[in-house]
Amino acid sequence: MTRYILRRLLLMIPVILLVTIGIFILIRLEPGDPVLTFAGEDRNPELLAALRHEYGLDQPLPVQYVIWLSHALRGDLGRSFQTNQSVVEAMAQRLPATIELGAAALLISIVVSLVVGTLSAVRRNSAVDLVATSATLVGVSFPSFFLGLILILLFAYVIPGHLLPPGGFVALTADVGENLRRLILPAVTLSTVSIAVNMRQIRSSLLEVFGLDYIRTARAKGLSERSVIASHALKNALIPVVTLIGIQVGSIIEGAFITETIFIWPGVGLLAVQAIPSGDYPVVQGVVLISALAYMFSTLFVDILYAWLDPRISYEGARA
Amino acid sequence: MSAAAAALPLQRRTRSGSLRVFLRRNPRLLVGGSIVAILLLAAAAAPYVAPYDPVATNVQDSLQSPSLRHLLGTDDLGRDVFSRVLWGARISLSVGVISVAIGFTVGVSTGLLAGYLGGTFDLLVMRVIDALLAFPALVLAISITAALGPQIQNAMIAIGIVAIPGYTRLTRGQVLTVRSQEFITAARTVGAPPLRIVLRHIFPNVTNTLVVQATLSTAFAILAEAALSFLGLGAQPPTPSWGQDIAYSARYLANLDWWMSAGPGLAIFLAVFAFNFLGDALRDALDPRLRRTA
């Protein structure tokens, strides 16, 4: 197992390097001269040259990349053009809000899809199943930003009593109740796509497992249906779902950009989106880099979990 | 898969006859295909059927709820939402088609070559693909569009690049399966040049899978374009665009002017749904082995 993890980590190195090269190229593609932005009104050629030298912009591109990468490795992703705040610092401030939202969405998604997915497999072709399967079909195609607006319209304006606020954020440390109240709509919005995907997977893998001999044996032994489902069928049916959850961390990260924008939730996604119109590229690409790293490590984590859960997978022969 | 559908080998009397049988056996193809056809038709005919100029403002008519005069209401500048939705279909569908074409061309050719040539080329290509897949898809599209500048053309390029890995992996995987089969060995023995083997013998064997992938990735492209435009990275005002119109309408939500976002929102849903539905139906019809569990 350790060897498998080590090999996976080693294989990640070239990919991470390529990712950083990609982001570096994107930063260099961006219009405008960063030095001019830094220098502000002062267009003294000597100062500009000094600044270029300081940032290594007078060097050939490969050298510039190495300089940029060595800064990045030391946790220096540059400064925001707008606020002059360090990009890493800005992201660190916003990260707790994003993690809270993402974790809530993932939790909702797992709970709802597990309950409804199981129900819909157990009562196959029932009304519950029909509604659930149609909902998944709709769920994967429904644009999350549109859903977010519908939810705001309903819960903040149409339903009397203004049940939930249309957006905004209160720190968990300041007021737990208010924080959770404002978390509900964005978390539900963010979770819908993954609920749809998970539910479909749970249903179909449960149906597959139900047809297997060991389930028939369990039933023949006289076990209650509840125990057949909970302690026999679900255990095996959930293994493929684990992989899916890894993929969904990606969809939750990308969804966060949109959901945070709709609900003015001050996470890293909103930070990047607000940086785009003002051309604050270090911030945008910093967030992109962090998203890619988070996604890669969550995929790795899930692969390891998967290998650990399913004894049929051999680590030694496995290739990434 | 039911027994009736498993017995697929059709009695091919005539081409149109077999198409009819094919569609009757796969009713979902007919449903998905019809919605897609209607959408394409609406997009193509927008200049002729849209009742109003989509960008003409008319302040006297602003913020009207849906009525016979304005089927989907009007926005704050008095622009007809229905006309904007029709014109918006042109943007969404053309982004869908063009970005899928980019992803398809680049992805399929690299996949064919990587699978057929193997070796260092394969290794290099697949590492680049891994790097592309290391980003959550939409984040990569946002990043590329932000770097190139917020324009609809750049959004197309970005979404196209994001679509590449899917095609490369799929094609390469299929090529690896096909390559070891006897008819390829036979072609090589009689001295067919590699390019001919790839194009004449391998490519036709992977097209079914690719058609399915292309349909499903059109759905993704439409959704991604809407998201980029929603974030201000796609079509720029006053061009009618579904995603951008929803972002614009959000400010009137508190006034309960729901119709401004309902039209474009439902349009996005319908378009994405139609391509997803058609893609699923095609997958079941063309290649029963290919049914993905997810």
# chains A, B, ... in the order shown; residues from 1 in each chain; ligands from 1
>>> residues_around(residues="range 141-144 of chain B", least_positions_apart="2", cutoff="6 Å", atoms="only C-alpha atoms", output="compact mmCIF listing (two decimals) with C-alpha atoms, in the first residue's frame")
# COMPACT_ATOMS: atom_id res chain seq x y z
CA LEU B 138 -14.92 24.88 -15.72
CA VAL B 139 -12.01 26.32 -13.72
CA ALA B 146 -9.52 35.24 -18.42
CA ALA B 147 -6.02 35.02 -19.91
CA ALA B 158 -11.28 27.67 -23.90
CA ILE B 159 -14.22 25.26 -23.91
>>> residues_around(residues="range 191-202 of chain A", least_positions_apart="2", cutoff="6 Å", atoms="only C-alpha atoms", output="list in words")
Ala105, Ser109, Ser113, Gly117, Thr136, Gly139, Val140, Val188, Thr189, Ser204, Ser205 and Leu206 of chain A; Ala294 of chain B
>>> write_last_selection(atoms="C-alpha atoms", output="CSV table (one decimal), in the first residue's frame")
chain,number,residue,atom,x,y,z
A,105,ALA,CA,-22.7,20.7,-0.2
A,109,SER,CA,-25.2,15.4,-1.5
A,113,SER,CA,-28.3,10.6,-2.6
A,117,GLY,CA,-30.8,6.3,-4.2
A,136,THR,CA,-31.6,13.0,-11.8
A,139,GLY,CA,-30.6,17.7,-12.2
A,140,VAL,CA,-27.5,17.1,-14.4
A,188,VAL,CA,-28.3,23.3,-1.6
A,189,THR,CA,-27.5,25.0,-5.0
A,204,SER,CA,-27.6,1.3,-10.4
A,205,SER,CA,-24.9,-0.2,-8.3
A,206,LEU,CA,-27.4,-1.3,-5.7
B,294,ALA,CA,-22.4,6.9,-14.1
>>> residues_around(residues="range 222-226 of chain B", least_positions_apart="2", cutoff="6 Å", atoms="only C-alpha atoms", output="mmCIF file with N, CA and C atoms, in the first residue's frame")
data_model
loop_
_atom_site.group_PDB
_atom_site.id
_atom_site.type_symbol
_atom_site.label_atom_id
_atom_site.label_comp_id
_atom_site.auth_asym_id
_atom_site.auth_seq_id
_atom_site.Cartn_x
_atom_site.Cartn_y
_atom_site.Cartn_z
ATOM 1 N N SER B 92 -25.279 30.271 -28.128
ATOM 2 C CA SER B 92 -25.064 29.040 -27.373
ATOM 3 C C SER B 92 -24.753 27.868 -28.281
ATOM 4 N N GLY B 96 -21.370 25.782 -28.821
ATOM 5 C CA GLY B 96 -21.404 24.333 -28.670
ATOM 6 C C GLY B 96 -20.733 23.645 -29.837
ATOM 7 N N ALA B 219 -23.489 19.205 -24.922
ATOM 8 C CA ALA B 219 -24.267 19.598 -23.738
ATOM 9 C C ALA B 219 -23.369 20.315 -22.740
ATOM 10 N N PHE B 220 -22.181 19.743 -22.500
ATOM 11 C CA PHE B 220 -21.253 20.386 -21.574
ATOM 12 C C PHE B 220 -20.859 21.774 -22.076
ATOM 13 N N LEU B 228 -19.737 30.726 -18.290
ATOM 14 C CA LEU B 228 -18.732 31.765 -18.570
ATOM 15 C C LEU B 228 -19.416 33.108 -18.821
ATOM 16 N N SER B 229 -20.485 33.093 -19.604
ATOM 17 C CA SER B 229 -21.188 34.344 -19.880
ATOM 18 C C SER B 229 -21.824 34.893 -18.604
ATOM 19 N N PHE B 230 -22.300 33.987 -17.754
ATOM 20 C CA PHE B 230 -22.872 34.413 -16.480
ATOM 21 C C PHE B 230 -21.826 35.156 -15.650
ATOM 22 N N GLY B 243 -26.591 33.032 -20.707
ATOM 23 C CA GLY B 243 -25.909 33.118 -19.409
ATOM 24 C C GLY B 243 -25.794 34.566 -18.947
#
>>> closest_residue(among="B:Pro136, B:Pro150, B:Pro194, B:Gly103", to="chain A", atoms="only C-alpha atoms")
B:Pro136
>>> residues_around(residues="range 126-131 of chain B", least_positions_apart="4", cutoff="10 Å", atoms="only C-alpha atoms", output="list in words")
Leu11, Met12, Pro14, Val15, Ile16, Leu17, Leu18, Val19, Thr20, Ile21, Gly22, Ala292 and Met296 of chain A; Gly107, Thr110, Gly111, Ala114, Thr120, Phe121, Asp122, Phe135, Val162, Ile164, Pro165, Gly166, Thr168, Arg169 and Arg172 of chain B
>>> write_last_selection(atoms="C-alpha atoms", output="mmCIF file, in the first residue's frame")
data_model
loop_
_atom_site.group_PDB
_atom_site.id
_atom_site.type_symbol
_atom_site.label_atom_id
_atom_site.label_comp_id
_atom_site.auth_asym_id
_atom_site.auth_seq_id
_atom_site.Cartn_x
_atom_site.Cartn_y
_atom_site.Cartn_z
ATOM 1 C CA LEU A 11 3.692 10.102 -10.937
ATOM 2 C CA MET A 12 2.005 13.320 -9.877
ATOM 3 C CA PRO A 14 5.441 15.623 -13.876
ATOM 4 C CA VAL A 15 1.727 16.444 -13.992
ATOM 5 C CA ILE A 16 2.093 19.177 -11.369
ATOM 6 C CA LEU A 17 5.057 20.591 -13.315
ATOM 7 C CA LEU A 18 2.991 20.648 -16.511
ATOM 8 C CA VAL A 19 0.127 22.303 -14.639
ATOM 9 C CA THR A 20 2.433 25.039 -13.360
ATOM 10 C CA ILE A 21 3.909 25.521 -16.852
ATOM 11 C CA GLY A 22 0.361 25.858 -18.176
ATOM 12 C CA ALA A 292 -6.057 22.288 -9.552
ATOM 13 C CA MET A 296 -5.498 16.462 -7.864
ATOM 14 C CA GLY B 107 -8.446 15.294 -29.382
ATOM 15 C CA THR B 110 -3.756 13.171 -30.948
ATOM 16 C CA GLY B 111 -5.624 10.127 -29.639
ATOM 17 C CA ALA B 114 -0.813 8.354 -29.522
ATOM 18 C CA THR B 120 7.518 8.499 -26.373
ATOM 19 C CA PHE B 121 4.855 10.359 -28.340
ATOM 20 C CA ASP B 122 2.126 8.516 -26.463
ATOM 21 C CA PHE B 135 -8.061 21.125 -13.491
ATOM 22 C CA VAL B 162 -11.237 21.697 -22.037
ATOM 23 C CA ILE B 164 -9.776 17.770 -25.783
ATOM 24 C CA PRO B 165 -8.796 15.226 -23.072
ATOM 25 C CA GLY B 166 -12.116 13.373 -23.309
ATOM 26 C CA THR B 168 -7.949 11.902 -26.763
ATOM 27 C CA ARG B 169 -8.442 9.312 -24.039
ATOM 28 C CA ARG B 172 -6.569 6.248 -27.772
#
>>> decode(residues="range 64-125 of chain A", atoms="C-alpha atoms", output="short mmCIF file (atom, residue, chain, number, x, y, z; two decimals), in the first residue's frame")
data_model
loop_
_atom_site.label_atom_id
_atom_site.label_comp_id
_atom_site.auth_asym_id
_atom_site.auth_seq_id
_atom_site.Cartn_x
_atom_site.Cartn_y
_atom_site.Cartn_z
CA GLN A 64 11.24 33.48 -15.86
CA TYR A 65 9.34 30.26 -15.31
CA VAL A 66 11.98 28.92 -12.94
CA ILE A 67 11.94 32.21 -10.99
CA TRP A 68 8.14 32.15 -10.85
CA LEU A 69 8.09 28.50 -9.77
CA SER A 70 10.68 29.02 -7.03
CA HIS A 71 8.58 31.91 -5.71
CA ALA A 72 5.44 29.78 -5.91
CA LEU A 73 7.12 26.93 -4.03
CA ARG A 74 7.94 29.36 -1.24
CA GLY A 75 4.29 30.36 -1.09
CA ASP A 76 4.71 33.57 -3.07
CA LEU A 77 2.18 33.80 -5.90
CA GLY A 78 2.63 37.51 -6.37
CA ARG A 79 0.48 40.41 -5.25
CA SER A 80 -2.96 41.54 -6.25
CA PHE A 81 -2.77 44.42 -8.72
CA GLN A 82 -5.77 45.98 -7.06
CA THR A 83 -5.10 45.74 -3.35
CA ASN A 84 -1.37 44.94 -3.33
CA GLN A 85 -2.24 42.17 -0.86
CA SER A 86 -0.27 38.96 -1.25
CA VAL A 87 -2.30 36.46 -3.29
CA VAL A 88 -1.64 33.64 -0.84
CA GLU A 89 -2.77 35.81 2.05
CA ALA A 90 -5.96 36.84 0.23
CA MET A 91 -6.75 33.20 -0.55
CA ALA A 92 -6.02 32.09 3.02
CA GLN A 93 -8.54 34.64 4.30
CA ARG A 94 -11.24 33.39 1.91
CA LEU A 95 -10.54 29.68 2.13
CA PRO A 96 -12.52 28.88 5.32
CA ALA A 97 -15.74 30.19 3.74
CA THR A 98 -15.19 28.05 0.61
CA ILE A 99 -14.36 24.96 2.64
CA GLU A 100 -17.46 25.44 4.77
CA LEU A 101 -19.66 25.77 1.70
CA GLY A 102 -18.03 22.85 -0.11
CA ALA A 103 -18.20 20.55 2.91
CA ALA A 104 -21.86 21.41 3.50
CA ALA A 105 -22.68 20.74 -0.16
CA LEU A 106 -20.83 17.43 -0.13
CA LEU A 107 -22.60 16.39 3.07
CA ILE A 108 -26.04 17.26 1.69
CA SER A 109 -25.24 15.45 -1.52
CA ILE A 110 -24.07 12.27 0.21
CA VAL A 111 -26.98 12.11 2.65
CA VAL A 112 -29.72 12.87 0.11
CA SER A 113 -28.33 10.63 -2.62
CA LEU A 114 -27.77 7.76 -0.23
CA VAL A 115 -31.29 7.89 1.17
CA VAL A 116 -33.14 8.56 -2.08
CA GLY A 117 -30.84 6.34 -4.17
CA THR A 118 -31.36 3.39 -1.84
CA LEU A 119 -35.12 3.96 -1.66
CA SER A 120 -35.36 4.15 -5.39
CA ALA A 121 -33.40 0.93 -5.89
CA VAL A 122 -35.30 -0.97 -3.21
CA ARG A 123 -38.67 0.19 -4.53
CA ARG A 124 -37.75 -0.14 -8.14
CA ASN A 125 -40.38 1.17 -10.58
#
